[in-house]
>>> print(open('coords04.pdb').read())   # PDB, C-alpha atoms and all ligand atoms
ATOM      1  CA  MET G 295      -2.533 -24.298  -5.514  1.00  0.00           C
ATOM      2  CA  LYS G 296       0.352 -22.368  -4.046  1.00  0.00           C
ATOM      3  CA  LYS G 297       0.898 -18.908  -5.500  1.00  0.00           C
ATOM      4  CA  HIS G 298       3.500 -16.165  -5.375  1.00  0.00           C
ATOM      5  CA  PHE G 299       2.245 -12.999  -3.669  1.00  0.00           C
ATOM      6  CA  LEU G 300       3.828  -9.577  -3.972  1.00  0.00           C
ATOM      7  CA  ILE G 301       2.693  -7.277  -1.154  1.00  0.00           C
ATOM      8  CA  THR G 302       3.559  -3.628  -0.541  1.00  0.00           C
ATOM      9  CA  ALA G 303       3.222  -2.309   3.003  1.00  0.00           C
ATOM     10  CA  GLY G 304       3.912   0.583   5.328  1.00  0.00           C
ATOM     11  CA  PRO G 305       4.485   4.259   4.628  1.00  0.00           C
ATOM     12  CA  THR G 306       7.206   5.812   2.519  1.00  0.00           C
ATOM     13  CA  HIS G 307       9.659   8.424   3.785  1.00  0.00           C
ATOM     14  CA  GLU G 308      10.367  11.328   1.448  1.00  0.00           C
ATOM     15  CA  PRO G 309      13.448  13.275   2.581  1.00  0.00           C
ATOM     16  CA  LEU G 310      13.120  17.057   2.964  1.00  0.00           C
ATOM     17  CA  ASP G 311      16.770  17.503   3.929  1.00  0.00           C
ATOM     18  CA  PRO G 312      19.387  15.215   5.570  1.00  0.00           C
ATOM     19  CA  VAL G 313      17.523  15.121   8.901  1.00  0.00           C
ATOM     20  CA  ARG G 314      13.809  15.416   8.036  1.00  0.00           C
ATOM     21  CA  TYR G 315      11.252  13.543   6.014  1.00  0.00           C
ATOM     22  CA  LEU G 316       7.611  13.637   5.011  1.00  0.00           C
ATOM     23  CA  THR G 317       5.508  10.545   5.578  1.00  0.00           C
ATOM     24  CA  ASN G 318       2.026   9.065   5.702  1.00  0.00           C
ATOM     25  CA  ARG G 319       0.123   7.678   8.667  1.00  0.00           C
ATOM     26  CA  SER G 320       0.616   3.965   8.279  1.00  0.00           C
ATOM     27  CA  SER G 321       1.790   1.368  10.779  1.00  0.00           C
ATOM     28  CA  GLY G 322       2.191  -1.311   8.126  1.00  0.00           C
ATOM     29  CA  LYS G 323      -0.023  -3.683  10.138  1.00  0.00           C
ATOM     30  CA  MET G 324      -2.395  -4.520   7.288  1.00  0.00           C
ATOM     31  CA  GLY G 325       0.333  -5.329   4.755  1.00  0.00           C
ATOM     32  CA  TYR G 326       2.364  -7.332   7.288  1.00  0.00           C
ATOM     33  CA  ALA G 327      -0.754  -9.269   8.338  1.00  0.00           C
ATOM     34  CA  LEU G 328      -1.408 -10.094   4.671  1.00  0.00           C
ATOM     35  CA  ALA G 329       2.190 -11.221   4.171  1.00  0.00           C
ATOM     36  CA  GLY G 330       2.160 -13.321   7.359  1.00  0.00           C
ATOM     37  CA  ALA G 331      -1.175 -14.946   6.511  1.00  0.00           C
ATOM     38  CA  ALA G 332      -0.169 -15.762   2.918  1.00  0.00           C
ATOM     39  CA  ALA G 333       3.165 -17.245   4.063  1.00  0.00           C
ATOM     40  CA  HIS G 334       1.427 -19.223   6.817  1.00  0.00           C
ATOM     41  CA  GLU G 335      -0.865 -20.745   4.205  1.00  0.00           C
ATOM     42  CA  GLY G 336       2.192 -21.949   2.327  1.00  0.00           C
ATOM     43  CA  HIS G 337       2.347 -19.327  -0.427  1.00  0.00           C
ATOM     44  CA  ARG G 338       5.554 -17.665  -1.539  1.00  0.00           C
ATOM     45  CA  VAL G 339       5.583 -14.006  -0.453  1.00  0.00           C
ATOM     46  CA  THR G 340       7.681 -11.017  -1.485  1.00  0.00           C
ATOM     47  CA  LEU G 341       7.047  -8.181   0.977  1.00  0.00           C
ATOM     48  CA  ILE G 342       8.174  -4.739  -0.197  1.00  0.00           C
ATOM     49  CA  SER G 343       7.961  -2.462   2.798  1.00  0.00           C
ATOM     50  CA  GLY G 344       8.542   1.143   3.702  1.00  0.00           C
ATOM     51  CA  PRO G 345       9.974   1.889   7.167  1.00  0.00           C
ATOM     52  CA  CYS G 346       7.946   0.072   9.888  1.00  0.00           C
ATOM     53  CA  GLU G 347       8.473  -0.971  13.490  1.00  0.00           C
ATOM     54  CA  LEU G 348       6.964  -4.393  12.926  1.00  0.00           C
ATOM     55  CA  ASP G 349       8.655  -7.787  12.964  1.00  0.00           C
ATOM     56  CA  VAL G 350       8.998  -9.248   9.494  1.00  0.00           C
ATOM     57  CA  PRO G 351       6.730 -12.327   9.291  1.00  0.00           C
ATOM     58  CA  THR G 352       8.634 -15.587   9.038  1.00  0.00           C
ATOM     59  CA  GLY G 353       9.033 -17.151   5.652  1.00  0.00           C
ATOM     60  CA  VAL G 354       8.698 -14.019   3.499  1.00  0.00           C
ATOM     61  CA  ASP G 355      11.244 -12.516   1.127  1.00  0.00           C
ATOM     62  CA  PHE G 356      11.694  -9.057   2.589  1.00  0.00           C
ATOM     63  CA  ILE G 357      12.629  -6.047   0.472  1.00  0.00           C
ATOM     64  CA  PRO G 358      12.963  -2.897   2.605  1.00  0.00           C
ATOM     65  CA  VAL G 359      12.663   0.497   0.898  1.00  0.00           C
ATOM     66  CA  GLU G 360      12.375   4.100   2.074  1.00  0.00           C
ATOM     67  CA  THR G 361      10.998   6.328  -0.642  1.00  0.00           C
ATOM     68  CA  ALA G 362       8.170   5.958  -3.148  1.00  0.00           C
ATOM     69  CA  ALA G 363      10.757   5.992  -5.932  1.00  0.00           C
ATOM     70  CA  GLU G 364      12.556   3.032  -4.312  1.00  0.00           C
ATOM     71  CA  MET G 365       9.257   1.191  -3.843  1.00  0.00           C
ATOM     72  CA  TYR G 366       8.460   1.802  -7.515  1.00  0.00           C
ATOM     73  CA  GLU G 367      11.796   0.293  -8.591  1.00  0.00           C
ATOM     74  CA  ALA G 368      11.361  -2.723  -6.284  1.00  0.00           C
ATOM     75  CA  VAL G 369       7.833  -3.407  -7.551  1.00  0.00           C
ATOM     76  CA  LYS G 370       8.994  -3.025 -11.151  1.00  0.00           C
ATOM     77  CA  ARG G 371      11.710  -5.585 -10.500  1.00  0.00           C
ATOM     78  CA  TYR G 372       9.659  -8.227  -8.667  1.00  0.00           C
ATOM     79  CA  ILE G 373       6.054  -7.941  -9.883  1.00  0.00           C
ATOM     80  CA  GLY G 374       6.581 -10.053 -13.000  1.00  0.00           C
ATOM     81  CA  LYS G 375       7.338 -13.095 -10.838  1.00  0.00           C
ATOM     82  CA  SER G 376       4.112 -12.842  -8.842  1.00  0.00           C
ATOM     83  CA  ASP G 377       0.652 -14.269  -9.442  1.00  0.00           C
ATOM     84  CA  ILE G 378      -1.155 -11.978  -7.025  1.00  0.00           C
ATOM     85  CA  ALA G 379      -0.093  -8.418  -6.165  1.00  0.00           C
ATOM     86  CA  ILE G 380      -1.610  -6.581  -3.217  1.00  0.00           C
ATOM     87  CA  PHE G 381      -0.788  -2.905  -2.719  1.00  0.00           C
ATOM     88  CA  ALA G 382      -1.387  -2.058   0.925  1.00  0.00           C
ATOM     89  CA  ALA G 383       1.352   0.588   1.218  1.00  0.00           C
ATOM     90  CA  ALA G 384       0.490   4.213   1.992  1.00  0.00           C
ATOM     91  CA  VAL G 385       2.730   5.807  -0.592  1.00  0.00           C
ATOM     92  CA  ALA G 386       3.494   9.542  -0.457  1.00  0.00           C
ATOM     93  CA  ASP G 387       1.867  11.126  -3.494  1.00  0.00           C
ATOM     94  CA  TYR G 388       4.485  13.905  -3.676  1.00  0.00           C
ATOM     95  CA  ARG G 389       8.159  14.381  -2.811  1.00  0.00           C
ATOM     96  CA  PRO G 390      10.203  17.573  -2.502  1.00  0.00           C
ATOM     97  CA  ALA G 391      11.444  18.749  -5.897  1.00  0.00           C
ATOM     98  CA  HIS G 392      14.901  19.518  -4.487  1.00  0.00           C
ATOM     99  CA  VAL G 393      16.523  17.939  -1.440  1.00  0.00           C
ATOM    100  CA  PRO G 394      19.323  20.166  -0.120  1.00  0.00           C
ATOM    101  CA  ASP G 395      22.603  18.574   1.009  1.00  0.00           C
ATOM    102  CA  GLN G 396      22.523  20.599   4.228  1.00  0.00           C
ATOM    103  CA  LYS G 397      19.874  20.908   6.948  1.00  0.00           C
ATOM    104  CA  ILE G 398      17.242  23.613   6.233  1.00  0.00           C
ATOM    105  CA  LYS G 399      17.882  26.482   8.662  1.00  0.00           C
ATOM    106  CA  LYS G 400      15.255  28.374  10.658  1.00  0.00           C
ATOM    107  CA  THR G 401      15.766  31.674   8.845  1.00  0.00           C
ATOM    108  CA  GLY G 402      12.390  32.885   7.534  1.00  0.00           C
ATOM    109  CA  ASP G 403       8.966  33.117   9.204  1.00  0.00           C
ATOM    110  CA  THR G 404       7.545  30.942   6.472  1.00  0.00           C
ATOM    111  CA  LEU G 405       9.034  28.090   4.512  1.00  0.00           C
ATOM    112  CA  THR G 406       7.938  27.113   1.032  1.00  0.00           C
ATOM    113  CA  ILE G 407       8.831  23.749  -0.416  1.00  0.00           C
ATOM    114  CA  GLU G 408       7.973  22.735  -3.940  1.00  0.00           C
ATOM    115  CA  PHE G 409       6.724  19.184  -4.406  1.00  0.00           C
ATOM    116  CA  ILE G 410       6.609  16.983  -7.461  1.00  0.00           C
ATOM    117  CA  LYS G 411       4.405  13.986  -8.021  1.00  0.00           C
ATOM    118  CA  ASN G 412       5.654  10.501  -7.227  1.00  0.00           C
ATOM    119  CA  PRO G 413       4.913   7.702  -9.676  1.00  0.00           C
ATOM    120  CA  ASP G 414       1.665   5.876  -8.994  1.00  0.00           C
ATOM    121  CA  ILE G 415       2.929   2.353  -8.394  1.00  0.00           C
ATOM    122  CA  LEU G 416      -0.444   0.598  -8.442  1.00  0.00           C
ATOM    123  CA  GLY G 417      -1.457   2.658 -11.481  1.00  0.00           C
ATOM    124  CA  SER G 418       1.722   1.506 -13.262  1.00  0.00           C
ATOM    125  CA  ALA G 419       1.176  -2.218 -12.663  1.00  0.00           C
ATOM    126  CA  ARG G 420      -0.958  -2.844 -15.739  1.00  0.00           C
ATOM    127  CA  GLU G 421      -0.014   0.105 -17.925  1.00  0.00           C
ATOM    128  CA  VAL G 422       3.749   0.346 -17.412  1.00  0.00           C
ATOM    129  CA  PHE G 423       4.844  -3.016 -16.015  1.00  0.00           C
ATOM    130  CA  GLY G 424       2.384  -5.002 -18.183  1.00  0.00           C
ATOM    131  CA  TYR G 425       1.283  -7.062 -15.181  1.00  0.00           C
ATOM    132  CA  GLN G 426      -1.339  -9.673 -15.993  1.00  0.00           C
ATOM    133  CA  GLY G 427      -1.788 -11.351 -12.617  1.00  0.00           C
ATOM    134  CA  THR G 428      -4.448 -10.638 -10.013  1.00  0.00           C
ATOM    135  CA  LEU G 429      -4.214  -7.022  -8.838  1.00  0.00           C
ATOM    136  CA  ILE G 430      -5.617  -5.691  -5.589  1.00  0.00           C
ATOM    137  CA  GLY G 431      -5.460  -2.106  -4.362  1.00  0.00           C
ATOM    138  CA  PHE G 432      -6.409  -0.418  -1.142  1.00  0.00           C
ATOM    139  CA  ALA G 433      -8.431   2.748  -0.799  1.00  0.00           C
ATOM    140  CA  ALA G 434      -8.282   4.703   2.438  1.00  0.00           C
ATOM    141  CA  GLU G 435     -10.981   7.349   2.147  1.00  0.00           C
ATOM    142  CA  THR G 436     -12.513   9.921   4.437  1.00  0.00           C
ATOM    143  CA  GLU G 437     -15.711  10.416   2.399  1.00  0.00           C
ATOM    144  CA  ASN G 438     -17.670   8.757  -0.436  1.00  0.00           C
ATOM    145  CA  VAL G 439     -15.728   5.606   0.361  1.00  0.00           C
ATOM    146  CA  GLU G 440     -17.419   3.197  -2.023  1.00  0.00           C
ATOM    147  CA  LYS G 441     -17.693   5.650  -4.915  1.00  0.00           C
ATOM    148  CA  ASN G 442     -14.019   6.690  -4.706  1.00  0.00           C
ATOM    149  CA  ALA G 443     -12.900   3.081  -4.393  1.00  0.00           C
ATOM    150  CA  ARG G 444     -14.891   2.122  -7.480  1.00  0.00           C
ATOM    151  CA  VAL G 445     -13.217   4.901  -9.492  1.00  0.00           C
ATOM    152  CA  LYS G 446      -9.816   3.583  -8.345  1.00  0.00           C
ATOM    153  CA  LEU G 447     -10.771   0.021  -9.291  1.00  0.00           C
ATOM    154  CA  GLN G 448     -11.480   1.070 -12.857  1.00  0.00           C
ATOM    155  CA  LYS G 449      -8.670   3.583 -13.306  1.00  0.00           C
ATOM    156  CA  LYS G 450      -5.967   1.249 -12.038  1.00  0.00           C
ATOM    157  CA  GLY G 451      -7.215  -2.002 -13.542  1.00  0.00           C
ATOM    158  CA  CYS G 452      -7.662  -3.789 -10.198  1.00  0.00           C
ATOM    159  CA  ASP G 453      -9.583  -7.033  -9.768  1.00  0.00           C
ATOM    160  CA  PHE G 454     -10.882  -5.621  -6.517  1.00  0.00           C
ATOM    161  CA  VAL G 455     -10.174  -2.778  -4.132  1.00  0.00           C
ATOM    162  CA  VAL G 456     -10.193  -3.063  -0.348  1.00  0.00           C
ATOM    163  CA  ALA G 457     -11.947   0.085   0.854  1.00  0.00           C
ATOM    164  CA  ASN G 458     -11.871   1.481   4.335  1.00  0.00           C
ATOM    165  CA  ASP G 459     -13.213   4.588   5.971  1.00  0.00           C
ATOM    166  CA  VAL G 460     -10.274   6.221   7.731  1.00  0.00           C
ATOM    167  CA  SER G 461     -12.452   8.938   9.275  1.00  0.00           C
ATOM    168  CA  ARG G 462     -13.549   6.331  11.842  1.00  0.00           C
ATOM    169  CA  LYS G 463     -11.437   6.317  15.003  1.00  0.00           C
ATOM    170  CA  ASP G 464     -12.061   2.707  16.055  1.00  0.00           C
ATOM    171  CA  ILE G 465     -10.628   1.071  12.930  1.00  0.00           C
ATOM    172  CA  GLY G 466      -7.914   1.543  10.337  1.00  0.00           C
ATOM    173  CA  PHE G 467      -4.496   3.181  10.717  1.00  0.00           C
ATOM    174  CA  ASP G 468      -2.742   2.100  13.948  1.00  0.00           C
ATOM    175  CA  SER G 469      -5.550  -0.159  15.056  1.00  0.00           C
ATOM    176  CA  SER G 470      -5.150  -3.921  14.905  1.00  0.00           C
ATOM    177  CA  GLU G 471      -8.778  -4.169  13.767  1.00  0.00           C
ATOM    178  CA  ASN G 472     -10.360  -2.973  10.579  1.00  0.00           C
ATOM    179  CA  GLU G 473     -13.721  -2.982   8.822  1.00  0.00           C
ATOM    180  CA  VAL G 474     -13.505  -2.982   5.059  1.00  0.00           C
ATOM    181  CA  ALA G 475     -15.584  -3.570   1.978  1.00  0.00           C
ATOM    182  CA  LEU G 476     -14.305  -5.402  -1.076  1.00  0.00           C
ATOM    183  CA  ILE G 477     -15.224  -3.436  -4.191  1.00  0.00           C
ATOM    184  CA  PHE G 478     -15.547  -5.576  -7.319  1.00  0.00           C
ATOM    185  CA  ALA G 479     -16.602  -4.296 -10.763  1.00  0.00           C
ATOM    186  CA  GLU G 480     -20.083  -5.774 -10.426  1.00  0.00           C
ATOM    187  CA  HIS G 481     -20.714  -5.847  -6.696  1.00  0.00           C
ATOM    188  CA  THR G 482     -19.574  -4.821  -3.228  1.00  0.00           C
ATOM    189  CA  GLU G 483     -18.882  -7.273  -0.440  1.00  0.00           C
ATOM    190  CA  PRO G 484     -18.780  -5.737   3.042  1.00  0.00           C
ATOM    191  CA  LEU G 485     -16.686  -7.765   5.491  1.00  0.00           C
ATOM    192  CA  PRO G 486     -17.507  -7.725   9.210  1.00  0.00           C
ATOM    193  CA  LYS G 487     -15.165  -5.852  11.567  1.00  0.00           C
ATOM    194  CA  ALA G 488     -12.300  -8.174  12.435  1.00  0.00           C
ATOM    195  CA  ASP G 489      -8.613  -8.187  13.311  1.00  0.00           C
ATOM    196  CA  LYS G 490      -6.266  -7.573  10.415  1.00  0.00           C
ATOM    197  CA  TYR G 491      -5.080 -11.188  10.339  1.00  0.00           C
ATOM    198  CA  GLN G 492      -8.626 -12.532   9.903  1.00  0.00           C
ATOM    199  CA  LEU G 493      -9.322  -9.893   7.222  1.00  0.00           C
ATOM    200  CA  SER G 494      -6.115 -10.950   5.500  1.00  0.00           C
ATOM    201  CA  LEU G 495      -7.331 -14.549   5.310  1.00  0.00           C
ATOM    202  CA  ASP G 496     -10.597 -13.343   3.722  1.00  0.00           C
ATOM    203  CA  ILE G 497      -8.785 -11.080   1.240  1.00  0.00           C
ATOM    204  CA  ILE G 498      -6.391 -13.898   0.281  1.00  0.00           C
ATOM    205  CA  GLU G 499      -9.312 -16.308  -0.195  1.00  0.00           C
ATOM    206  CA  ARG G 500     -11.090 -13.835  -2.533  1.00  0.00           C
ATOM    207  CA  ALA G 501      -7.843 -13.200  -4.430  1.00  0.00           C
ATOM    208  CA  LEU G 502      -7.246 -16.930  -4.962  1.00  0.00           C
ATOM    209  CA  ALA G 503     -10.791 -17.311  -6.328  1.00  0.00           C
ATOM    210  CA  ILE G 504     -10.152 -14.916  -9.231  1.00  0.00           C
TER     211      ILE G 504
HETATM  212  O1  LIG V   1      -5.205   6.703  -5.568  1.00  0.00           O
HETATM  213  P1  LIG V   1      -4.676   6.303  -4.241  1.00  0.00           P
HETATM  214  O2  LIG V   1      -3.281   6.726  -4.004  1.00  0.00           O
HETATM  215  O3  LIG V   1      -5.561   6.686  -3.095  1.00  0.00           O
HETATM  216  O4  LIG V   1      -4.701   4.696  -4.299  1.00  0.00           O
HETATM  217  C1  LIG V   1      -4.384   3.932  -3.195  1.00  0.00           C
HETATM  218  C2  LIG V   1      -3.803   2.646  -3.667  1.00  0.00           C
HETATM  219  O5  LIG V   1      -2.739   2.904  -4.569  1.00  0.00           O
HETATM  220  C3  LIG V   1      -3.178   1.797  -2.578  1.00  0.00           C
HETATM  221  O6  LIG V   1      -3.361   0.445  -2.927  1.00  0.00           O
HETATM  222  C4  LIG V   1      -1.698   2.198  -2.615  1.00  0.00           C
HETATM  223  O7  LIG V   1      -0.856   1.176  -2.139  1.00  0.00           O
HETATM  224  C5  LIG V   1      -1.493   2.479  -4.068  1.00  0.00           C
HETATM  225  N1  LIG V   1      -0.537   3.537  -4.388  1.00  0.00           N
HETATM  226  C6  LIG V   1       0.606   3.236  -5.083  1.00  0.00           C
HETATM  227  N2  LIG V   1       1.473   4.246  -5.450  1.00  0.00           N
HETATM  228  C7  LIG V   1       1.213   5.532  -5.132  1.00  0.00           C
HETATM  229  C8  LIG V   1       0.043   5.859  -4.429  1.00  0.00           C
HETATM  230  C9  LIG V   1      -0.817   4.822  -4.066  1.00  0.00           C
HETATM  231  O8  LIG V   1       0.841   2.057  -5.348  1.00  0.00           O
HETATM  232  N3  LIG V   1       2.066   6.483  -5.487  1.00  0.00           N
END
>>> encode(input="coords04.pdb", output="structure tokens")
Amino acid sequence: MKKHFLITAGPTHEPLDPVRYLTNRSSGKMGYALAGAAAHEGHRVTLISGPCELDVPTGVDFIPVETAAEMYEAVKRYIGKSDIAIFAAAVADYRPAHVPDQKIKKTGDTLTIEFIKNPDILGSAREVFGYQGTLIGFAAETENVEKNARVKLQKKGCDFVVANDVSRKDIGFDSSENEVALIFAEHTEPLPKADKYQLSLDIIERALAI
């Protein structure tokens, strides 16, 4: 059966002033691979993406955003139409409390910027948006990977979480390969190291089985 996927991808950019921004390390490759694979299999795909250098996969509805706040609004608007939502974006957890109209000048020896918390988009899916479809989160961890991912699974009401160890140099981030484990409430399924397109096919297959 063909489904409607909503996928978030890439980093967000949080402006510090008119010429600078704060971001996360994310190429967007995982989210774009998921969107491309789902579209290739004939599913409808809405891809909500922060700024990336990648080509938009053919056949997806593309919603570009910059900030976490914009991504939140886009997800809020489109999630209700989807059957399966996969949150692969690396969203900035905080944004500057005040963004000046003018460029910050090099006046002091130190610079202090106050940050405020961004909304947790994945965490809002069930509780704020009332989403009842299949929900999949990602967990990029540097330690206690499985334990932290399991906490996320429960806290955010996910059906499963895709966990990866970003302390490893050979996988994750910019790499086109990744090695992940799927964390379900009752069990963990490690997937063998593979390119992000192959992993996407596996993740989509597990999502369709829920
Ligand atoms: O708790 P943490 O931010 O590490 O969770 C990561 C998961 O949550 C990812 O799936 C990411 O896309 C999502 N996320 C989000 N909104 C945020 C932060 C993370 O949707 N503000």
>>> atom_distance(input="coords04.pdb", atom1="CA of Ala386 (chain G)", atom2="CA of Asp489 (chain G)")
25.5 Å
>>> resolve_selection(input="coords04.pdb", expression="the PyMOL selection byres (((not hetatm)) within 7 of (chain V and resi 1))", output="ChimeraX atom specification")
/G:302,362,381-387,412-417,431-434,446
>>> atom_distance(input="coords04.pdb", atom1="CA of Ser320 (chain G)", atom2="CA of Lys296 (chain G)")
29.1 Å
>>> residues_around(input="coords04.pdb", residues="Lys490 (chain G)", least_positions_apart="4", cutoff="6 Å", atoms="only C-alpha atoms", output="list of chain:residue names")
G:Met324, G:Ser470, G:Glu471, G:Ser494
>>> resolve_selection(input="coords04.pdb", expression="the PyMOL selection byres (((chain G and resi 358-360) around 12) and not hetatm)", output="PDB file with C-alpha atoms, keeping the file's coordinate frame")
ATOM      1  CA  ILE G 301       2.693  -7.277  -1.154  1.00  0.00           C
ATOM      2  CA  THR G 302       3.559  -3.628  -0.541  1.00  0.00           C
ATOM      3  CA  ALA G 303       3.222  -2.309   3.003  1.00  0.00           C
ATOM      4  CA  GLY G 304       3.912   0.583   5.328  1.00  0.00           C
ATOM      5  CA  PRO G 305       4.485   4.259   4.628  1.00  0.00           C
ATOM      6  CA  THR G 306       7.206   5.812   2.519  1.00  0.00           C
ATOM      7  CA  HIS G 307       9.659   8.424   3.785  1.00  0.00           C
ATOM      8  CA  GLU G 308      10.367  11.328   1.448  1.00  0.00           C
ATOM      9  CA  PRO G 309      13.448  13.275   2.581  1.00  0.00           C
ATOM     10  CA  TYR G 315      11.252  13.543   6.014  1.00  0.00           C
ATOM     11  CA  LEU G 316       7.611  13.637   5.011  1.00  0.00           C
ATOM     12  CA  THR G 317       5.508  10.545   5.578  1.00  0.00           C
ATOM     13  CA  THR G 340       7.681 -11.017  -1.485  1.00  0.00           C
ATOM     14  CA  LEU G 341       7.047  -8.181   0.977  1.00  0.00           C
ATOM     15  CA  ILE G 342       8.174  -4.739  -0.197  1.00  0.00           C
ATOM     16  CA  SER G 343       7.961  -2.462   2.798  1.00  0.00           C
ATOM     17  CA  GLY G 344       8.542   1.143   3.702  1.00  0.00           C
ATOM     18  CA  PRO G 345       9.974   1.889   7.167  1.00  0.00           C
ATOM     19  CA  CYS G 346       7.946   0.072   9.888  1.00  0.00           C
ATOM     20  CA  GLU G 347       8.473  -0.971  13.490  1.00  0.00           C
ATOM     21  CA  VAL G 350       8.998  -9.248   9.494  1.00  0.00           C
ATOM     22  CA  VAL G 354       8.698 -14.019   3.499  1.00  0.00           C
ATOM     23  CA  ASP G 355      11.244 -12.516   1.127  1.00  0.00           C
ATOM     24  CA  PHE G 356      11.694  -9.057   2.589  1.00  0.00           C
ATOM     25  CA  ILE G 357      12.629  -6.047   0.472  1.00  0.00           C
ATOM     26  CA  THR G 361      10.998   6.328  -0.642  1.00  0.00           C
ATOM     27  CA  ALA G 362       8.170   5.958  -3.148  1.00  0.00           C
ATOM     28  CA  ALA G 363      10.757   5.992  -5.932  1.00  0.00           C
ATOM     29  CA  GLU G 364      12.556   3.032  -4.312  1.00  0.00           C
ATOM     30  CA  MET G 365       9.257   1.191  -3.843  1.00  0.00           C
ATOM     31  CA  TYR G 366       8.460   1.802  -7.515  1.00  0.00           C
ATOM     32  CA  GLU G 367      11.796   0.293  -8.591  1.00  0.00           C
ATOM     33  CA  ALA G 368      11.361  -2.723  -6.284  1.00  0.00           C
ATOM     34  CA  VAL G 369       7.833  -3.407  -7.551  1.00  0.00           C
ATOM     35  CA  ALA G 383       1.352   0.588   1.218  1.00  0.00           C
ATOM     36  CA  ALA G 384       0.490   4.213   1.992  1.00  0.00           C
ATOM     37  CA  VAL G 385       2.730   5.807  -0.592  1.00  0.00           C
ATOM     38  CA  ALA G 386       3.494   9.542  -0.457  1.00  0.00           C
TER      39      ALA G 386
END
>>> atom_distance(input="coords04.pdb", atom1="CA of His334 (chain G)", atom2="CA of Ser418 (chain G)")
28.9 Å
>>> resolve_selection(input="coords04.pdb", expression="the PyMOL selection byres (((chain G and resi 492) around 12) and not hetatm)", output="list of chain:residue names")
G:Met324, G:Ala327, G:Leu328, G:Gly330, G:Ala331, G:Ala332, G:Ser470, G:Glu471, G:Asn472, G:Glu473, G:Val474, G:Leu485, G:Pro486, G:Lys487, G:Ala488, G:Asp489, G:Lys490, G:Tyr491, G:Leu493, G:Ser494, G:Leu495, G:Asp496, G:Ile497, G:Ile498, G:Glu499
>>> residues_around(input="coords04.pdb", residues="region 310-314 of chain G", least_positions_apart="6", cutoff="12 Å", atoms="all atoms listed in the file", output="PyMOL selection string")
chain G and resi 361+388-399+405-409
>>> closest_residue(input="coords04.pdb", among="G:Thr482, G:Thr352, G:Asn318, G:Thr428", to="Ala443 (chain G)", atoms="all atoms listed in the file")
G:Thr482
>>> closest_residue(input="coords04.pdb", among="G:Gly427, G:Asn442, G:Arg500, G:Thr436", to="Phe454 (chain G)", atoms="only C-alpha atoms")
G:Arg500
>>> residues_around(input="coords04.pdb", residues="Leu447 (chain G)", least_positions_apart="5", cutoff="8 Å", atoms="only C-alpha atoms", output="list in words")
Gly431, Cys452, Asp453, Phe454, Val455, Ile477, Phe478 and Ala479 of chain G
>>> closest_residue(input="coords04.pdb", among="G:Met295, G:Leu300, G:Leu348, G:Val439", to="Arg371 (chain G)", atoms="all atoms listed in the file")
G:Leu300
>>> residues_near_point(input="coords04.pdb", point="(7.1, -6.8, -16.0)", cutoff="7 Å", atoms="all atoms listed in the file", output="list in words")
Lys370, Ile373, Gly374, Phe423, Gly424 and Tyr425 of chain G
>>> write_last_selection(input="coords04.pdb", atoms="C-alpha atoms", output="PDB file, in the coordinates of the input")
ATOM      1  CA  LYS G 370       8.994  -3.025 -11.151  1.00  0.00           C
ATOM      2  CA  ILE G 373       6.054  -7.941  -9.883  1.00  0.00           C
ATOM      3  CA  GLY G 374       6.581 -10.053 -13.000  1.00  0.00           C
ATOM      4  CA  PHE G 423       4.844  -3.016 -16.015  1.00  0.00           C
ATOM      5  CA  GLY G 424       2.384  -5.002 -18.183  1.00  0.00           C
ATOM      6  CA  TYR G 425       1.283  -7.062 -15.181  1.00  0.00           C
TER       7      TYR G 425
END
>>> closest_residue(input="coords04.pdb", among="G:Asp377, G:Asp349, G:Asp403, G:Asp459", to="Lys441 (chain G)", atoms="all atoms listed in the file")
G:Asp459
>>> closest_residue(input="coords04.pdb", among="G:Val445, G:Ala457, G:Ile504, G:Ala379", to="Arg420 (chain G)", atoms="all atoms listed in the file")
G:Ala379
